[in-house]
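Visitor: entry33.pdb is reproduced in full below (PDB, C-alpha atoms).
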```pdb
ATOM      1  CA  MET A   1      92.330 180.456 129.153
ATOM      2  CA  THR A   2      91.724 176.844 130.248
ATOM      3  CA  THR A   3      91.212 176.510 134.013
ATOM      4  CA  ARG A   4      92.665 173.674 136.080
ATOM      5  CA  ARG A   5      89.138 172.215 136.503
ATOM      6  CA  GLU A   6      88.553 172.335 132.714
ATOM      7  CA  PHE A   7      91.923 170.749 132.058
ATOM      8  CA  LEU A   8      91.248 167.867 134.463
ATOM      9  CA  THR A   9      87.778 167.366 132.959
ATOM     10  CA  GLN A  10      89.214 167.220 129.426
ATOM     11  CA  ALA A  11      91.986 164.889 130.537
ATOM     12  CA  GLY A  12      89.406 162.624 132.148
ATOM     13  CA  VAL A  13      87.434 162.458 128.928
ATOM     14  CA  VAL A  14      90.559 161.531 126.957
ATOM     15  CA  SER A  15      91.520 158.869 129.503
ATOM     16  CA  ALA A  16      88.022 157.413 129.418
ATOM     17  CA  GLY A  17      88.191 157.319 125.624
ATOM     18  CA  MET A  18      91.434 155.372 125.797
ATOM     19  CA  MET A  19      89.880 152.888 128.201
ATOM     20  CA  ILE A  20      86.819 152.443 125.996
ATOM     21  CA  ALA A  21      88.731 152.073 122.729
ATOM     22  CA  PRO A  22      92.281 150.864 123.493
ATOM     23  CA  ASN A  23      92.372 149.317 120.017
ATOM     24  CA  LEU A  24      92.801 152.852 118.656
ATOM     25  CA  LEU A  25      96.262 152.892 120.190
ATOM     26  CA  SER A  26      97.349 149.563 118.740
ATOM     27  CA  ALA A  27      95.161 149.128 115.684
ATOM     28  CA  ALA A  28      96.091 146.345 113.304
ATOM     29  CA  PRO A  29      96.991 147.309 109.736
ATOM     30  CA  GLN A  30      93.852 147.926 107.692
ATOM     31  CA  ARG A  31      92.959 145.037 105.412
ATOM     32  CA  VAL A  32      91.253 145.394 102.064
ATOM     33  CA  VAL A  33      89.473 142.887  99.881
ATOM     34  CA  GLY A  34      90.431 142.394  96.239
ATOM     35  CA  LEU A  35      88.896 140.625  93.249
ATOM     36  CA  GLN A  36      90.619 138.239  90.865
ATOM     37  CA  LEU A  37      89.370 139.508  87.513
ATOM     38  CA  TYR A  38      89.123 135.979  86.128
ATOM     39  CA  SER A  39      85.784 136.144  87.922
ATOM     40  CA  LEU A  40      84.653 138.472  85.113
ATOM     41  CA  ARG A  41      86.435 136.822  82.196
ATOM     42  CA  ASP A  42      83.253 136.787  80.101
ATOM     43  CA  GLN A  43      82.306 140.377  80.914
ATOM     44  CA  LEU A  44      85.565 142.333  80.729
ATOM     45  CA  PRO A  45      86.300 141.822  77.017
ATOM     46  CA  LYS A  46      82.926 143.385  76.177
ATOM     47  CA  ASP A  47      83.161 146.431  78.458
ATOM     48  CA  VAL A  48      86.351 146.698  80.474
ATOM     49  CA  LYS A  49      85.723 150.257  81.650
ATOM     50  CA  GLY A  50      82.142 149.589  82.705
ATOM     51  CA  TRP A  51      82.963 146.447  84.625
ATOM     52  CA  ILE A  52      85.984 147.905  86.393
ATOM     53  CA  ALA A  53      83.642 150.628  87.626
ATOM     54  CA  LYS A  54      81.211 147.941  88.842
ATOM     55  CA  VAL A  55      84.032 146.211  90.723
ATOM     56  CA  ALA A  56      84.724 149.434  92.615
ATOM     57  CA  VAL A  57      81.023 149.996  93.341
ATOM     58  CA  ALA A  58      80.808 146.423  94.682
ATOM     59  CA  GLY A  59      83.237 147.422  97.436
ATOM     60  CA  TYR A  60      86.618 146.197  96.230
ATOM     61  CA  LYS A  61      89.778 148.223  96.693
ATOM     62  CA  GLU A  62      92.171 145.935  94.824
ATOM     63  CA  VAL A  63      92.046 143.802  91.698
ATOM     64  CA  GLU A  64      94.208 140.981  90.424
ATOM     65  CA  PRO A  65      94.231 140.918  86.590
ATOM     66  CA  PHE A  66      95.077 137.938  84.407
ATOM     67  CA  GLY A  67      95.850 137.203  80.760
ATOM     68  CA  TYR A  68      98.117 140.164  79.981
ATOM     69  CA  SER A  69     100.151 140.123  76.794
ATOM     70  CA  LYS A  70     102.349 142.782  75.211
ATOM     71  CA  GLU A  71     100.216 142.620  72.080
ATOM     72  CA  HIS A  72      96.739 142.842  73.635
ATOM     73  CA  GLY A  73      97.489 144.406  77.018
ATOM     74  CA  PHE A  74      94.710 144.177  79.599
ATOM     75  CA  TRP A  75      91.513 143.683  77.590
ATOM     76  CA  GLY A  76      92.716 145.987  74.847
ATOM     77  CA  LEU A  77      94.268 148.587  77.155
ATOM     78  CA  ASP A  78      98.023 148.941  77.452
ATOM     79  CA  ALA A  79      99.501 148.923  80.946
ATOM     80  CA  LYS A  80      99.523 152.706  81.274
ATOM     81  CA  ALA A  81      95.888 153.078  80.185
ATOM     82  CA  PHE A  82      94.776 150.194  82.397
ATOM     83  CA  SER A  83      96.578 151.704  85.378
ATOM     84  CA  ALA A  84      94.823 155.029  84.754
ATOM     85  CA  LEU A  85      91.459 153.241  84.585
ATOM     86  CA  LEU A  86      92.062 151.586  87.939
ATOM     87  CA  LYS A  87      93.173 154.818  89.588
ATOM     88  CA  SER A  88      90.108 156.668  88.292
ATOM     89  CA  ASN A  89      87.993 154.063  90.106
ATOM     90  CA  GLY A  90      89.993 154.105  93.332
ATOM     91  CA  LEU A  91      91.503 150.664  92.702
ATOM     92  CA  LYS A  92      95.004 149.271  93.114
ATOM     93  CA  THR A  93      96.540 146.127  91.654
ATOM     94  CA  PRO A  94      99.169 144.552  93.903
ATOM     95  CA  SER A  95      99.477 141.449  91.733
ATOM     96  CA  ALA A  96      98.473 139.753  88.492
ATOM     97  CA  HIS A  97      98.486 136.260  87.008
ATOM     98  CA  PHE A  98     100.854 136.019  84.049
ATOM     99  CA  GLY A  99     101.067 132.988  81.761
ATOM    100  CA  MET A 100     104.472 131.326  82.147
ATOM    101  CA  ASP A 101     104.465 128.478  79.627
ATOM    102  CA  GLU A 102     107.141 130.163  77.520
ATOM    103  CA  TYR A 103     109.428 130.303  80.520
ATOM    104  CA  PHE A 104     108.811 126.884  82.075
ATOM    105  CA  VAL A 105     108.377 124.893  78.869
ATOM    106  CA  GLN A 106     110.640 126.709  76.415
ATOM    107  CA  GLY A 107     113.077 128.308  78.841
ATOM    108  CA  LYS A 108     112.661 131.787  77.321
ATOM    109  CA  THR A 109     112.318 135.016  79.310
ATOM    110  CA  LYS A 110     110.885 137.403  76.708
ATOM    111  CA  ASP A 111     107.329 137.208  78.055
ATOM    112  CA  LEU A 112     108.549 137.433  81.643
ATOM    113  CA  GLU A 113     110.382 140.651  80.809
ATOM    114  CA  SER A 114     107.201 142.133  79.312
ATOM    115  CA  TYR A 115     105.259 141.121  82.432
ATOM    116  CA  ILE A 116     107.787 142.856  84.655
ATOM    117  CA  GLU A 117     107.455 146.009  82.570
ATOM    118  CA  ALA A 118     103.646 145.943  82.828
ATOM    119  CA  ALA A 119     103.765 145.175  86.547
ATOM    120  CA  ASN A 120     105.954 148.172  87.244
ATOM    121  CA  ILE A 121     103.822 150.498  85.124
ATOM    122  CA  THR A 122     100.671 149.489  87.008
ATOM    123  CA  GLY A 123     102.284 149.640  90.454
ATOM    124  CA  MET A 124     102.200 145.923  91.238
ATOM    125  CA  GLN A 125     104.323 144.198  93.845
ATOM    126  CA  TYR A 126     103.900 140.589  92.739
ATOM    127  CA  VAL A 127     104.211 138.717  89.451
ATOM    128  CA  ILE A 128     102.117 135.599  90.047
ATOM    129  CA  ILE A 129     102.605 132.268  88.270
ATOM    130  CA  PRO A 130      99.021 130.988  87.871
ATOM    131  CA  SER A 131     100.150 127.405  87.221
ATOM    132  CA  VAL A 132     102.933 125.361  85.685
ATOM    133  CA  ASN A 133     102.216 123.278  82.611
ATOM    134  CA  GLU A 134     101.795 119.684  83.772
ATOM    135  CA  GLU A 135     103.739 118.489  80.716
ATOM    136  CA  VAL A 136     106.922 119.482  82.547
ATOM    137  CA  LEU A 137     105.805 118.087  85.901
ATOM    138  CA  LYS A 138     105.836 114.335  85.396
ATOM    139  CA  SER A 139     108.626 113.373  87.798
ATOM    140  CA  ALA A 140     110.264 114.479  91.028
ATOM    141  CA  ASP A 141     113.301 115.535  89.019
ATOM    142  CA  GLN A 142     111.121 117.819  86.908
ATOM    143  CA  PHE A 143     109.598 119.212  90.096
ATOM    144  CA  LYS A 144     113.066 120.260  91.263
ATOM    145  CA  LYS A 145     113.891 121.808  87.897
ATOM    146  CA  ALA A 146     110.674 123.835  88.032
ATOM    147  CA  ALA A 147     111.585 125.033  91.531
ATOM    148  CA  GLU A 148     115.031 126.064  90.282
ATOM    149  CA  LYS A 149     113.429 128.017  87.455
ATOM    150  CA  MET A 150     111.159 129.775  89.940
ATOM    151  CA  ASN A 151     114.160 130.864  91.978
ATOM    152  CA  LYS A 152     115.804 132.235  88.832
ATOM    153  CA  ALA A 153     112.623 134.030  87.742
ATOM    154  CA  ALA A 154     112.308 135.466  91.243
ATOM    155  CA  GLU A 155     115.859 136.835  91.012
ATOM    156  CA  ILE A 156     114.960 138.512  87.715
ATOM    157  CA  CYS A 157     111.854 140.029  89.315
ATOM    158  CA  LYS A 158     113.824 141.195  92.338
ATOM    159  CA  LYS A 159     116.234 143.159  90.149
ATOM    160  CA  SER A 160     113.236 145.148  88.927
ATOM    161  CA  GLY A 161     111.834 145.730  92.404
ATOM    162  CA  LEU A 162     109.181 142.995  92.165
ATOM    163  CA  LYS A 163     108.374 139.729  93.920
ATOM    164  CA  LEU A 164     107.437 136.397  92.371
ATOM    165  CA  GLY A 165     104.474 134.382  93.593
ATOM    166  CA  TYR A 166     102.930 130.986  92.883
ATOM    167  CA  HIS A 167      99.199 130.194  92.808
ATOM    168  CA  ASN A 168      98.128 126.603  93.443
ATOM    169  CA  HIS A 169      95.361 124.440  92.037
ATOM    170  CA  ASN A 170      94.916 120.891  93.371
ATOM    171  CA  PHE A 171      97.190 118.857  91.087
ATOM    172  CA  GLU A 172     100.197 120.013  93.144
ATOM    173  CA  TRP A 173      99.343 117.373  95.765
ATOM    174  CA  LYS A 174      99.224 114.447  93.338
ATOM    175  CA  PRO A 175     101.800 111.880  94.560
ATOM    176  CA  VAL A 176     104.679 111.365  92.132
ATOM    177  CA  ASP A 177     107.895 109.473  92.903
ATOM    178  CA  GLY A 178     107.145 109.527  96.626
ATOM    179  CA  THR A 179     106.578 113.249  96.848
ATOM    180  CA  THR A 180     104.349 116.041  95.523
ATOM    181  CA  PHE A 181     105.042 119.121  93.459
ATOM    182  CA  TYR A 182     103.897 121.385  96.287
ATOM    183  CA  ASP A 183     106.211 119.786  98.825
ATOM    184  CA  VAL A 184     109.131 120.142  96.436
ATOM    185  CA  LEU A 185     108.273 123.776  95.746
ATOM    186  CA  LEU A 186     108.139 124.720  99.405
ATOM    187  CA  LYS A 187     111.384 122.872 100.131
ATOM    188  CA  ASN A 188     113.390 123.994  97.114
ATOM    189  CA  THR A 189     112.349 127.596  96.524
ATOM    190  CA  ASP A 190     113.857 130.468  98.459
ATOM    191  CA  PRO A 191     111.252 131.768 100.985
ATOM    192  CA  ALA A 192     112.710 135.256 100.638
ATOM    193  CA  LEU A 193     112.158 135.206  96.880
ATOM    194  CA  VAL A 194     109.206 132.955  96.038
ATOM    195  CA  HIS A 195     105.972 133.901  97.771
ATOM    196  CA  MET A 196     102.901 131.683  97.859
ATOM    197  CA  GLU A 197      99.364 132.659  96.931
ATOM    198  CA  MET A 198      97.105 130.079  98.534
ATOM    199  CA  ASP A 199      93.903 129.316  96.655
ATOM    200  CA  ILE A 200      91.920 128.054  99.623
ATOM    201  CA  PHE A 201      89.235 126.403  97.478
ATOM    202  CA  TRP A 202      91.773 124.231  95.662
ATOM    203  CA  VAL A 203      93.618 123.370  98.881
ATOM    204  CA  VAL A 204      90.380 122.116 100.436
ATOM    205  CA  ARG A 205      89.418 120.303  97.239
ATOM    206  CA  ALA A 206      92.785 118.547  97.297
ATOM    207  CA  GLY A 207      91.931 117.218 100.759
ATOM    208  CA  GLN A 208      94.500 119.432 102.474
ATOM    209  CA  ASP A 209      94.189 121.627 105.564
ATOM    210  CA  PRO A 210      94.955 125.329 104.895
ATOM    211  CA  VAL A 211      95.637 126.080 108.563
ATOM    212  CA  LYS A 212      98.067 123.182 108.886
ATOM    213  CA  ILE A 213      99.925 124.419 105.813
ATOM    214  CA  PHE A 214     100.143 127.923 107.311
ATOM    215  CA  GLU A 215     101.547 126.469 110.531
ATOM    216  CA  GLN A 216     104.096 124.309 108.727
ATOM    217  CA  HIS A 217     105.290 127.179 106.524
ATOM    218  CA  PRO A 218     104.870 130.401 108.523
ATOM    219  CA  GLY A 219     105.310 133.638 106.658
ATOM    220  CA  ARG A 220     105.201 132.122 103.164
ATOM    221  CA  TYR A 221     101.715 133.232 102.189
ATOM    222  CA  ALA A 222     101.555 136.851 101.121
ATOM    223  CA  LEU A 223      98.287 136.429  99.224
ATOM    224  CA  CYS A 224      95.262 134.160  99.188
ATOM    225  CA  HIS A 225      92.243 133.458  97.013
ATOM    226  CA  ILE A 226      88.960 133.390  98.898
ATOM    227  CA  LYS A 227      86.699 131.140  96.863
ATOM    228  CA  ASP A 228      83.816 129.201  98.417
ATOM    229  CA  ARG A 229      82.696 125.655  97.600
ATOM    230  CA  ASP A 230      79.078 124.928  96.752
ATOM    231  CA  LYS A 231      77.499 122.614  99.319
ATOM    232  CA  LYS A 232      75.666 120.469  96.784
ATOM    233  CA  ASN A 233      77.954 120.522  93.754
ATOM    234  CA  THR A 234      81.384 120.572  95.349
ATOM    235  CA  ASP A 235      83.147 121.059  92.011
ATOM    236  CA  ILE A 236      81.830 124.608  91.616
ATOM    237  CA  ASN A 237      81.911 127.918  93.487
ATOM    238  CA  THR A 238      79.301 129.929  95.270
ATOM    239  CA  GLU A 239      79.313 133.349  96.908
ATOM    240  CA  ILE A 240      81.594 133.665  99.932
ATOM    241  CA  GLY A 241      79.720 132.611 103.057
ATOM    242  CA  LYS A 242      77.144 130.475 101.238
ATOM    243  CA  GLY A 243      79.390 127.452 100.764
ATOM    244  CA  SER A 244      81.012 124.773 102.895
ATOM    245  CA  ILE A 245      84.453 126.296 103.535
ATOM    246  CA  ASN A 246      84.940 127.626 107.071
ATOM    247  CA  PHE A 247      86.678 130.879 106.230
ATOM    248  CA  LYS A 248      86.089 132.252 109.733
ATOM    249  CA  ALA A 249      88.401 129.592 111.148
ATOM    250  CA  ILE A 250      90.918 129.613 108.293
ATOM    251  CA  LEU A 251      91.258 133.406 108.231
ATOM    252  CA  SER A 252      91.261 134.044 111.962
ATOM    253  CA  ASN A 253      93.554 136.828 113.164
ATOM    254  CA  ALA A 254      95.980 134.242 114.535
ATOM    255  CA  ASN A 255      96.198 132.343 111.258
ATOM    256  CA  ILE A 256      96.629 135.535 109.257
ATOM    257  CA  LYS A 257      99.539 136.471 111.500
ATOM    258  CA  ILE A 258     101.136 133.025 111.159
ATOM    259  CA  SER A 259     100.715 132.845 107.387
ATOM    260  CA  GLY A 260     101.942 136.346 106.633
ATOM    261  CA  LEU A 261      98.851 137.145 104.548
ATOM    262  CA  LYS A 262      98.555 140.698 103.270
ATOM    263  CA  HIS A 263      96.191 140.452 100.302
ATOM    264  CA  PHE A 264      92.773 138.765 100.342
ATOM    265  CA  ILE A 265      91.408 138.150  96.858
ATOM    266  CA  VAL A 266      87.908 136.923  96.051
ATOM    267  CA  GLU A 267      87.502 134.679  93.022
ATOM    268  CA  GLN A 268      84.287 133.326  91.546
ATOM    269  CA  GLU A 269      84.682 130.929  88.617
ATOM    270  CA  ASN A 270      80.978 130.433  87.897
ATOM    271  CA  TYR A 271      77.592 132.004  88.596
ATOM    272  CA  ILE A 272      74.423 130.008  89.244
ATOM    273  CA  ASN A 273      71.187 131.974  88.816
ATOM    274  CA  ILE A 274      72.753 135.248  89.925
ATOM    275  CA  ASP A 275      73.974 138.399  88.192
ATOM    276  CA  PRO A 276      77.807 138.586  88.397
ATOM    277  CA  ALA A 277      77.614 142.170  89.684
ATOM    278  CA  VAL A 278      75.335 141.043  92.529
ATOM    279  CA  SER A 279      77.504 138.007  93.255
ATOM    280  CA  ILE A 280      80.775 139.874  93.598
ATOM    281  CA  LYS A 281      79.082 142.486  95.789
ATOM    282  CA  GLU A 282      77.711 139.812  98.126
ATOM    283  CA  SER A 283      81.149 138.239  98.453
ATOM    284  CA  ALA A 284      82.838 141.576  99.124
ATOM    285  CA  SER A 285      80.275 142.394 101.817
ATOM    286  CA  TYR A 286      80.782 139.051 103.577
ATOM    287  CA  CYS A 287      84.556 139.393 103.490
ATOM    288  CA  LYS A 288      84.450 142.873 104.997
ATOM    289  CA  ASN A 289      81.603 142.508 107.495
ATOM    290  CA  VAL A 290      82.041 138.896 108.636
ATOM    291  CA  LEU A 291      85.651 137.939 107.889
ATOM    292  CA  HIS A 292      86.941 141.479 108.467
ATOM    293  CA  VAL A 293      89.380 141.407 105.582
TER     294      VAL A 293
END
```
When written as structure tokens, how does the structure in this file appear?
Guide:
Amino acid sequence: MTTRREFLTQAGVVSAGMMIAPNLLSAAPQRVVGLQLYSLRDQLPKDVKGWIAKVAVAGYKEVEPFGYSKEHGFWGLDAKAFSALLKSNGLKTPSAHFGMDEYFVQGKTKDLESYIEAANITGMQYVIIPSVNEEVLKSADQFKKAAEKMNKAAEICKKSGLKLGYHNHNFEWKPVDGTTFYDVLLKNTDPALVHMEMDIFWVVRAGQDPVKIFEQHPGRYALCHIKDRDKKNTDINTEIGKGSINFKAILSNANIKISGLKHFIVEQENYINIDPAVSIKESASYCKNVLHV
């Protein structure tokens, strides 16, 4: 039987623990770092199973695939087999980049329907538009038409339990007819339907301020690409933390809260004198240990 003295001693220990670690009572949702698999576009076709295993060993918990087609699947694996491969390596895939030229250029939805099917099989939440063909973005009027098509595609996704997202490059800020494609997108797409995936590298390269964009459009950014900019050759990438982009400031707790960010996805488009497996591991470590994402 516990005596009164023992009870008070135990209670004191618990109280002291609460004072020492109050964050345990109000801990923020755990964040995980993901990898955009375009980073391994040269490696995956040769050994998809081996490289997915290396991604998990490098410390990633999520991946963002690209290049899916009904005919070829994900590097030769259909959606069901690819999903099983990810699960066997402890990985999830909240989103993927799906080519949308058929939809935006030709106005057809066949590919989009196949993407939705694959997304649901693999447990995704977001169907991401990686870019819009610039052939249909030559005027402000075309910008508005593209935004309308995004809203319609988002409605189609919603009916299947999915969300639509848009990933930027830097051409979106090119002035056309007194505006830019990005401004038109943010103004003319439904915030409840069309979610933004900010590629921070391309925003910086376009001469824009990521934090300012977060503040001007709170809650619109469900996902982001963390991609650093080489200090010498500013056109290329380097491992996260080695480049010139101040991710500590951009991805502060306050800015994450403002933006609505939930998924933090590393992307590396090139490797300079470093093994890709080593590179992606370095970036994952920096994101977790320094950026705390």
Visitor: Determine the residue membership of the PyMOL selection byres ((chain A and resi 209-216) around 12) for the file above and supply it as a VMD selection string.
Guide: chain A and resid 168 173 182 to 183 186 to 187 196 to 208 217 to 226 245 to 261
Visitor: Put those residues in a file: C-alpha atoms, as a PDB file, in the frame of the given file.
Guide:
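File written: part_5.pdb
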```pdb
ATOM      1  CA  ASN A 168      98.128 126.603  93.443  1.00  0.00           C
ATOM      2  CA  TRP A 173      99.343 117.373  95.765  1.00  0.00           C
ATOM      3  CA  TYR A 182     103.897 121.385  96.287  1.00  0.00           C
ATOM      4  CA  ASP A 183     106.211 119.786  98.825  1.00  0.00           C
ATOM      5  CA  LEU A 186     108.139 124.720  99.405  1.00  0.00           C
ATOM      6  CA  LYS A 187     111.384 122.872 100.131  1.00  0.00           C
ATOM      7  CA  MET A 196     102.901 131.683  97.859  1.00  0.00           C
ATOM      8  CA  GLU A 197      99.364 132.659  96.931  1.00  0.00           C
ATOM      9  CA  MET A 198      97.105 130.079  98.534  1.00  0.00           C
ATOM     10  CA  ASP A 199      93.903 129.316  96.655  1.00  0.00           C
ATOM     11  CA  ILE A 200      91.920 128.054  99.623  1.00  0.00           C
ATOM     12  CA  PHE A 201      89.235 126.403  97.478  1.00  0.00           C
ATOM     13  CA  TRP A 202      91.773 124.231  95.662  1.00  0.00           C
ATOM     14  CA  VAL A 203      93.618 123.370  98.881  1.00  0.00           C
ATOM     15  CA  VAL A 204      90.380 122.116 100.436  1.00  0.00           C
ATOM     16  CA  ARG A 205      89.418 120.303  97.239  1.00  0.00           C
ATOM     17  CA  ALA A 206      92.785 118.547  97.297  1.00  0.00           C
ATOM     18  CA  GLY A 207      91.931 117.218 100.759  1.00  0.00           C
ATOM     19  CA  GLN A 208      94.500 119.432 102.474  1.00  0.00           C
ATOM     20  CA  HIS A 217     105.290 127.179 106.524  1.00  0.00           C
ATOM     21  CA  PRO A 218     104.870 130.401 108.523  1.00  0.00           C
ATOM     22  CA  GLY A 219     105.310 133.638 106.658  1.00  0.00           C
ATOM     23  CA  ARG A 220     105.201 132.122 103.164  1.00  0.00           C
ATOM     24  CA  TYR A 221     101.715 133.232 102.189  1.00  0.00           C
ATOM     25  CA  ALA A 222     101.555 136.851 101.121  1.00  0.00           C
ATOM     26  CA  LEU A 223      98.287 136.429  99.224  1.00  0.00           C
ATOM     27  CA  CYS A 224      95.262 134.160  99.188  1.00  0.00           C
ATOM     28  CA  HIS A 225      92.243 133.458  97.013  1.00  0.00           C
ATOM     29  CA  ILE A 226      88.960 133.390  98.898  1.00  0.00           C
ATOM     30  CA  ILE A 245      84.453 126.296 103.535  1.00  0.00           C
ATOM     31  CA  ASN A 246      84.940 127.626 107.071  1.00  0.00           C
ATOM     32  CA  PHE A 247      86.678 130.879 106.230  1.00  0.00           C
ATOM     33  CA  LYS A 248      86.089 132.252 109.733  1.00  0.00           C
ATOM     34  CA  ALA A 249      88.401 129.592 111.148  1.00  0.00           C
ATOM     35  CA  ILE A 250      90.918 129.613 108.293  1.00  0.00           C
ATOM     36  CA  LEU A 251      91.258 133.406 108.231  1.00  0.00           C
ATOM     37  CA  SER A 252      91.261 134.044 111.962  1.00  0.00           C
ATOM     38  CA  ASN A 253      93.554 136.828 113.164  1.00  0.00           C
ATOM     39  CA  ALA A 254      95.980 134.242 114.535  1.00  0.00           C
ATOM     40  CA  ASN A 255      96.198 132.343 111.258  1.00  0.00           C
ATOM     41  CA  ILE A 256      96.629 135.535 109.257  1.00  0.00           C
ATOM     42  CA  LYS A 257      99.539 136.471 111.500  1.00  0.00           C
ATOM     43  CA  ILE A 258     101.136 133.025 111.159  1.00  0.00           C
ATOM     44  CA  SER A 259     100.715 132.845 107.387  1.00  0.00           C
ATOM     45  CA  GLY A 260     101.942 136.346 106.633  1.00  0.00           C
ATOM     46  CA  LEU A 261      98.851 137.145 104.548  1.00  0.00           C
TER      47      LEU A 261
END
```
Visitor: Extract, using all atoms listed in the file, all DNA, RNA and protein residues at most 9 Å from region 68-72 of chain A, discarding same-chain residues fewer than 2 positions from it, and format them as a list in words.
Guide: Pro65, Phe66, Phe74, Trp75, Gly76, Leu77, Asp78, Ala79, Ala96, His97, Phe98, Gly99, Asp111, Ser114, Tyr115 and Ala118 of chain A
Visitor: What is the CA of Glu267 (chain A)-CA of Asn289 (chain A) distance in Å, reported with one decimal?
Guide: 17.5 Å
Visitor: Got a sec to resolve the PyMOL selection byres ((chain A and resi 238) around 6) on this structure and send the residues as JSON, numbers by chain?
Guide: {"A": [228, 229, 230, 237, 239]}
Visitor: Would you output that residue set with C-alpha atoms, as a JSON list (two decimals), keeping the file's coordinate frame?
Guide:
```json
[["chain", "number", "residue", "atom", "x", "y", "z"],
["A", 228, "ASP", "CA", 83.82, 129.20, 98.42],
["A", 229, "ARG", "CA", 82.70, 125.66, 97.60],
["A", 230, "ASP", "CA", 79.08, 124.93, 96.75],
["A", 237, "ASN", "CA", 81.91, 127.92, 93.49],
["A", 239, "GLU", "CA", 79.31, 133.35, 96.91]]
```
Visitor: Env of Tyr286 (chain A): 7 Å cut, atoms = only C-alpha atoms, seq-sep filter 5 positions within chain, self excluded. Answer as a list in words.
Guide: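 In the requested format, the answer is Ile240, Gly241 and Leu291 of chain A.
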Visitor: Can you tell me which residues surround Arg31 (chain A) at a distance of at most 9 Å, considering all atoms listed in the file, apart from same-chain residues fewer than 6 positions away, and format the answer as a PDB file with C-alpha atoms, in the frame of the given file?
Guide:
```pdb
ATOM      1  CA  LYS A 262      98.555 140.698 103.270  1.00  0.00           C
ATOM      2  CA  HIS A 263      96.191 140.452 100.302  1.00  0.00           C
ATOM      3  CA  PHE A 264      92.773 138.765 100.342  1.00  0.00           C
ATOM      4  CA  LYS A 288      84.450 142.873 104.997  1.00  0.00           C
ATOM      5  CA  HIS A 292      86.941 141.479 108.467  1.00  0.00           C
ATOM      6  CA  VAL A 293      89.380 141.407 105.582  1.00  0.00           C
TER       7      VAL A 293
END
```
Visitor: Reconstruct N, CA and C atoms of region 43-54 of chain A from the incomplete input and present them as a PDB file, in the frame of the given file.
Guide:
```pdb
ATOM      1  N   GLN A  43      82.842 139.025  80.958  1.00  0.00           N
ATOM      2  CA  GLN A  43      82.306 140.377  80.914  1.00  0.00           C
ATOM      3  C   GLN A  43      83.341 141.420  80.484  1.00  0.00           C
ATOM      4  N   LEU A  44      84.552 141.309  80.965  1.00  0.00           N
ATOM      5  CA  LEU A  44      85.565 142.333  80.729  1.00  0.00           C
ATOM      6  C   LEU A  44      85.890 142.580  79.251  1.00  0.00           C
ATOM      7  N   PRO A  45      85.987 141.554  78.421  1.00  0.00           N
ATOM      8  CA  PRO A  45      86.300 141.822  77.017  1.00  0.00           C
ATOM      9  C   PRO A  45      85.244 142.672  76.312  1.00  0.00           C
ATOM     10  N   LYS A  46      84.025 142.639  76.805  1.00  0.00           N
ATOM     11  CA  LYS A  46      82.926 143.385  76.177  1.00  0.00           C
ATOM     12  C   LYS A  46      82.868 144.838  76.650  1.00  0.00           C
ATOM     13  N   ASP A  47      83.263 145.083  77.904  1.00  0.00           N
ATOM     14  CA  ASP A  47      83.161 146.431  78.458  1.00  0.00           C
ATOM     15  C   ASP A  47      84.093 146.557  79.656  1.00  0.00           C
ATOM     16  N   VAL A  48      85.378 146.681  79.387  1.00  0.00           N
ATOM     17  CA  VAL A  48      86.351 146.698  80.474  1.00  0.00           C
ATOM     18  C   VAL A  48      86.151 147.902  81.387  1.00  0.00           C
ATOM     19  N   LYS A  49      85.880 149.059  80.826  1.00  0.00           N
ATOM     20  CA  LYS A  49      85.723 150.257  81.650  1.00  0.00           C
ATOM     21  C   LYS A  49      84.470 150.178  82.531  1.00  0.00           C
ATOM     22  N   GLY A  50      83.387 149.700  81.952  1.00  0.00           N
ATOM     23  CA  GLY A  50      82.142 149.589  82.705  1.00  0.00           C
ATOM     24  C   GLY A  50      82.242 148.597  83.840  1.00  0.00           C
ATOM     25  N   TRP A  51      82.885 147.475  83.591  1.00  0.00           N
ATOM     26  CA  TRP A  51      82.963 146.447  84.625  1.00  0.00           C
ATOM     27  C   TRP A  51      83.988 146.771  85.709  1.00  0.00           C
ATOM     28  N   ILE A  52      85.044 147.458  85.354  1.00  0.00           N
ATOM     29  CA  ILE A  52      85.984 147.905  86.393  1.00  0.00           C
ATOM     30  C   ILE A  52      85.275 148.874  87.337  1.00  0.00           C
ATOM     31  N   ALA A  53      84.429 149.719  86.783  1.00  0.00           N
ATOM     32  CA  ALA A  53      83.642 150.628  87.626  1.00  0.00           C
ATOM     33  C   ALA A  53      82.713 149.843  88.545  1.00  0.00           C
ATOM     34  N   LYS A  54      82.108 148.766  88.029  1.00  0.00           N
ATOM     35  CA  LYS A  54      81.211 147.941  88.842  1.00  0.00           C
ATOM     36  C   LYS A  54      81.974 147.230  89.965  1.00  0.00           C
TER      37      LYS A  54
END
```
